[in-house]
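First the structure, in the form of structure tokens, and then the observations on it.
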Amino acid sequence: MTDKTEEKSLDPENWEAFRALAHEMLDQALEHMATCRERPVWKPVPNEAKQSLMEPLPLEAQNTKEIADTVTKSILPYGVGNTHPKFFGWVHGSGTPGNIIAEIAAAAMNANLGGRDHAAIYVERQVISWCREIFQFPPTSSGLVVSGTSMASLIALKTARDKKLGIDVRKKGIGAEGAKLTAYASAQAHACIGKTFDILGLGQKALRPIPVNSNYEMDMDSLRAAIEKDIADGNQPFCVVGTAGTVNTGAIDDLAAISNIAEQYDLWFHVDGAFGALGWLCDDIRPKLAGLDQAHSIAFDFHKWMHVNYDAGFVLVRDGEAHRRSFSARPDYLSPEERGLAGGNPWFCEYGLELSRGFRALKIWWQIKEHGLIRIGQKISDNCNQARYLGTLISKEAELELLAPIGLNIVCFRYRAPNKSEKELAVLNREIVLQLQENGLAAPSTTILGGKLAIRVNITNHRTQLKDCTELIADCLKLGNKLK
Ligand SMILES: Cc1ncc(COP(=O)(O)O)c(C=O)c1O
């Protein structure tokens with residue numbers, strides 16, 4: 001072995017020992033997923049583990065086995081808990097062991113999917129063409145794998161902005177015309193849509209919050225009225241965002257009606273389908289999403305209801321050329337070639353913000369192939385059945401009340417106790433959620449509906465079973481009775 005340092009790479013000196021360590025870590029990772037039901041849903045990170053993650057900046061190499069030990073002792077056991085069947089918080093998918101394999105291969109290739117001509121590009125193109133097929137988008141539409149729906153919506157709405165203002169806006173900025181642009185989304189739309197308007201220089205106020213009906217769906221008369229008012233005021237409506245599955249209650253806006261209004265007023269129709277869009281895979285949910293296939297753009301996540309391991313989102317844009325024009329930049333050092341490694345045009349960096357892009361597409365491709373869309377869709381339907389089952393259990397208990405209709409997979413309810421004020425009920429229900437989490441029993445989250453604090457149960461979980469729902473309700477009752 002040479003001791004000339006310039007001839008030493010960062011590769012292991014002893015590949016055999018390294019291979020054994022890697023196999024051991026793979027075993028630990030698989031064990032972690034295989035036994036998720038046996039552990040508490042969530043455990044706070046102990047001080048000892050936190051301490052081990054506050055060490056001085058390492059200037060010298062550390063022992064690889066010790067690094068692996070820190071991972072298995074201080075990091076792996078203290079996750080969010082979303083691999084557990086009783087993880088019901090926010091909107092997290094639950095991941096699959098198959099994706100561990102895909103991630104290993106992706107890490108080994110260390111591919112950059114900004115562009116060029118290599119196999120990973122063809123995998124992402126395959127994913128894009130499958131998405132076109134799922135949502136019945138034309139061959140001229142475009143798509144891009146991104147981190148999540150926030151990024152997907154930003155890309156879609158920038159395309160919409162640039163199409164309205166003309167592509168010169170990329171050089172000149174939004175100017176006086178841009179300042180007049182207005183857009184519309186339900187008051188229940190996700191905060192990422194408002195953030196997008198901020199980032200696009202249009203300002204969050206340009207996004208008009210449209211009131212919702214008693215089902216938490218966008219009210220169509222209010223939408224029309226808001227558009228008409230903006231026209232009368234000299235503003236320029238350019239976009240409407242429908243939500244297919246709101247984060248609070250799982251409500252689905254009337255996408256067909258929004259599509260008609262968008263056509264009438266020449267608006268870009270974007271759908272935030274972060275989790276709900278994949279309901280399109282299910283015969284029993286698709287009718288509720290009627291109009292989704294008419295959208296100009298759809299943003300959704302594979303890491304939610306398709307359970308691809310974090311992170312993996314997607315943007316689908318009907319007008320692929322407008323999408324490319326909105327993001328393409330090919331300076332000299334990124335010049336396209338007809339042949340060679342710089343071929344493979346167009347490059348994915350022409351469809352989004354990022355030039356350096358990892359190989360997220362592989363885990364998506366793997367997931368779809370390993371499980372098939374029929375099975376994945378069945379799990380989505382199962383989650384909606386479980387939500388309805390929870391609703392039935394809640395309706396049978398005098399101490400519990402449902403706070404929103406169950407349209408999809410989200411159940412918002414609370415423990416009620418006579419003679420308690422709204423404020424006291426909020427404290428009580430928040431405490432129930434905290435104790436469920438801290439005792440590792442289940443992990444719902446909270447939200448506020450009509451001023452009332454709700455225990456919010458979201459089921460985007462392929463491991464959840466009906467018995468988990470039964471146990472959740474029993475635990476809520478037990479805690480409520482104890483704490484009231
Ligand atoms: C309806 C909705 N839109 C957008 C988002 C943001 O998605 P992401 O976290 O993937 O950026 C979420 C996240 O839960 C969501 O539920």
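In the structure tokens, chains take the letters A, B, ... in the order shown, each chain's residues start at 1, and ligands count up from 1 in the order shown.
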### Query
Leaving out A:Lys43 and any residue of its chain fewer than 2 positions from it, which residues lie within 8 Å of it when counting only C-alpha atoms, given as a count of residues only?
9
### Task
Would you mind listing the residues within 8 Å of ligand 1, counting only C-alpha atoms and all ligand atoms, as a ChimeraX atom specification?
/A:90-92,147-152,189-193,243-248,250,272-276,300-301,303-304,311-313
### Task
Tell me, as a PyMOL selection string, which residues lie within 7 Å of stretch 160-166 of chain A, counting only C-alpha atoms; anything in the same chain fewer than 5 positions away does not count.
chain A and resi 178+238+268+322+326
### Task
Determine which residues of stretch 49-252 of chain A DSSP labels as helix (DSSP H, G or I) from the backbone of this structure, then write them out as number ranges by chain.
A: 49-52, 64-75, 98-109, 119-135, 149-165, 169-172, 175-179, 191-199, 204-206, 220-232
Grab the residues selected above and save them as a tab-separated table (two decimals), in the first residue's frame with C-alpha atoms.
```tsv
chain	number	residue	atom	x	y	z
A	49	ALA	CA	-28.36	11.08	21.87
A	50	LYS	CA	-28.58	14.86	21.50
A	51	GLN	CA	-25.17	15.20	23.15
A	52	SER	CA	-23.66	12.75	20.68
A	64	THR	CA	-16.35	4.16	10.49
A	65	LYS	CA	-17.72	1.55	12.87
A	66	GLU	CA	-18.16	4.25	15.54
A	67	ILE	CA	-19.96	6.51	13.07
A	68	ALA	CA	-22.30	3.63	12.21
A	69	ASP	CA	-22.88	2.99	15.92
A	70	THR	CA	-23.92	6.62	16.44
A	71	VAL	CA	-26.41	6.23	13.59
A	72	THR	CA	-27.93	3.04	14.98
A	73	LYS	CA	-27.97	4.19	18.62
A	74	SER	CA	-28.66	7.92	18.47
A	75	ILE	CA	-30.42	8.56	15.17
A	98	GLY	CA	-38.21	-1.74	-1.28
A	99	ASN	CA	-37.22	1.90	-1.41
A	100	ILE	CA	-34.22	1.14	0.81
A	101	ILE	CA	-32.89	-1.02	-2.01
A	102	ALA	CA	-33.60	1.67	-4.61
A	103	GLU	CA	-31.83	4.27	-2.46
A	104	ILE	CA	-28.74	2.07	-2.18
A	105	ALA	CA	-28.51	1.77	-5.96
A	106	ALA	CA	-29.14	5.49	-6.42
A	107	ALA	CA	-26.42	6.33	-3.90
A	108	ALA	CA	-24.00	4.00	-5.67
A	109	MET	CA	-24.61	5.71	-9.03
A	119	ALA	CA	-29.63	5.77	-17.72
A	120	ALA	CA	-31.05	7.72	-14.78
A	121	ILE	CA	-32.49	10.31	-17.20
A	122	TYR	CA	-34.46	7.59	-18.94
A	123	VAL	CA	-35.82	6.38	-15.59
A	124	GLU	CA	-37.16	9.87	-14.83
A	125	ARG	CA	-38.60	10.11	-18.33
A	126	GLN	CA	-40.35	6.81	-17.71
A	127	VAL	CA	-41.83	8.19	-14.46
A	128	ILE	CA	-42.98	11.33	-16.30
A	129	SER	CA	-44.65	9.33	-19.04
A	130	TRP	CA	-46.41	7.14	-16.44
A	131	CYS	CA	-47.69	10.30	-14.72
A	132	ARG	CA	-49.01	11.62	-18.04
A	133	GLU	CA	-50.80	8.34	-18.52
A	134	ILE	CA	-52.25	8.28	-14.97
A	135	PHE	CA	-53.75	11.78	-15.31
A	149	THR	CA	-45.64	19.81	-3.58
A	150	SER	CA	-44.31	23.18	-2.38
A	151	MET	CA	-41.59	23.10	-5.04
A	152	ALA	CA	-43.97	21.60	-7.62
A	153	SER	CA	-46.50	24.40	-7.09
A	154	LEU	CA	-43.78	27.04	-7.34
A	155	ILE	CA	-42.66	25.66	-10.69
A	156	ALA	CA	-46.23	25.39	-12.01
A	157	LEU	CA	-47.22	28.89	-10.91
A	158	LYS	CA	-44.05	30.48	-12.25
A	159	THR	CA	-44.90	28.93	-15.60
A	160	ALA	CA	-48.41	30.40	-15.29
A	161	ARG	CA	-47.04	33.84	-14.38
A	162	ASP	CA	-44.55	33.88	-17.26
A	163	LYS	CA	-47.16	32.73	-19.74
A	164	LYS	CA	-49.46	35.57	-18.71
A	165	LEU	CA	-46.82	38.31	-18.65
A	169	VAL	CA	-40.65	38.86	-17.53
A	170	ARG	CA	-37.71	36.58	-16.82
A	171	LYS	CA	-35.36	39.43	-17.72
A	172	LYS	CA	-37.38	42.50	-16.86
A	175	GLY	CA	-43.20	45.41	-13.63
A	176	ALA	CA	-46.48	47.30	-13.48
A	177	GLU	CA	-48.43	44.59	-15.33
A	178	GLY	CA	-47.24	41.97	-12.88
A	179	ALA	CA	-48.34	44.08	-9.97
A	191	ALA	CA	-49.61	27.73	3.05
A	192	CYS	CA	-47.13	26.73	0.32
A	193	ILE	CA	-49.38	28.44	-2.25
A	194	GLY	CA	-49.11	31.77	-0.42
A	195	LYS	CA	-45.34	31.29	-0.14
A	196	THR	CA	-45.19	30.79	-3.89
A	197	PHE	CA	-46.82	34.16	-4.51
A	198	ASP	CA	-44.28	35.73	-2.21
A	199	ILE	CA	-41.36	34.09	-4.04
A	204	GLN	CA	-49.19	36.96	-0.89
A	205	LYS	CA	-51.98	39.51	-1.09
A	206	ALA	CA	-52.32	38.81	-4.82
A	220	MET	CA	-67.95	28.81	-6.37
A	221	ASP	CA	-70.18	31.90	-6.11
A	222	SER	CA	-67.53	33.59	-3.98
A	223	LEU	CA	-64.87	32.63	-6.50
A	224	ARG	CA	-66.80	34.22	-9.36
A	225	ALA	CA	-67.53	37.31	-7.28
A	226	ALA	CA	-63.84	37.73	-6.40
A	227	ILE	CA	-62.77	37.44	-10.03
A	228	GLU	CA	-65.44	39.89	-11.17
A	229	LYS	CA	-64.43	42.37	-8.48
A	230	ASP	CA	-60.79	42.20	-9.52
A	231	ILE	CA	-61.70	42.76	-13.17
A	232	ALA	CA	-63.87	45.73	-12.19
```
### Message
Please list as a count of residues only every residue within 7 Å of stretch 391-406 of chain A, counting only C-alpha atoms and excluding residues in the same chain fewer than 6 positions away.
### Response
9
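Atom pair atom CA of A:Asn63 / atom CA of A:Pro12: separated by 11.3 Å.
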If we count only C-alpha atoms and set the cut-off at 6 Å, which residues sit around A:Asp253, ignoring sequence neighbours fewer than 4 positions away in its own chain? Please answer as a short mmCIF file (atom, residue, chain, number, x, y, z; two decimals) with all heavy atoms, in the first residue's frame.
```cif
data_model
loop_
_atom_site.label_atom_id
_atom_site.label_comp_id
_atom_site.auth_asym_id
_atom_site.auth_seq_id
_atom_site.Cartn_x
_atom_site.Cartn_y
_atom_site.Cartn_z
N GLU A 217 -65.05 23.09 1.21
CA GLU A 217 -64.70 23.19 -0.22
C GLU A 217 -64.87 24.64 -0.68
O GLU A 217 -65.75 25.35 -0.19
CB GLU A 217 -65.64 22.32 -1.07
CG GLU A 217 -65.63 20.86 -0.68
CD GLU A 217 -66.92 20.13 -1.04
OE1 GLU A 217 -67.86 20.79 -1.57
OE2 GLU A 217 -67.01 18.93 -0.76
N MET A 218 -64.07 25.03 -1.66
CA MET A 218 -64.14 26.41 -2.16
C MET A 218 -65.56 26.72 -2.64
O MET A 218 -66.17 25.92 -3.36
CB MET A 218 -63.16 26.59 -3.32
CG MET A 218 -62.91 28.04 -3.67
SD MET A 218 -62.15 28.26 -5.29
CE MET A 218 -60.55 27.54 -5.07
N GLY A 242 -57.05 25.00 -7.36
CA GLY A 242 -58.00 24.10 -6.69
C GLY A 242 -57.22 23.15 -5.80
O GLY A 242 -56.07 22.81 -6.11
N THR A 243 -57.82 22.73 -4.70
CA THR A 243 -57.14 21.77 -3.83
C THR A 243 -57.85 20.43 -3.88
O THR A 243 -59.07 20.36 -3.68
CB THR A 243 -57.08 22.28 -2.37
OG1 THR A 243 -56.50 23.59 -2.36
CG2 THR A 243 -56.24 21.36 -1.51
#
```
### Query
Looking at A:Trp347, A:Ala443, A:Lys86, A:Ala185, which one is nearest to A:Cys469, with distances taken over only C-alpha atoms?
A:Lys86
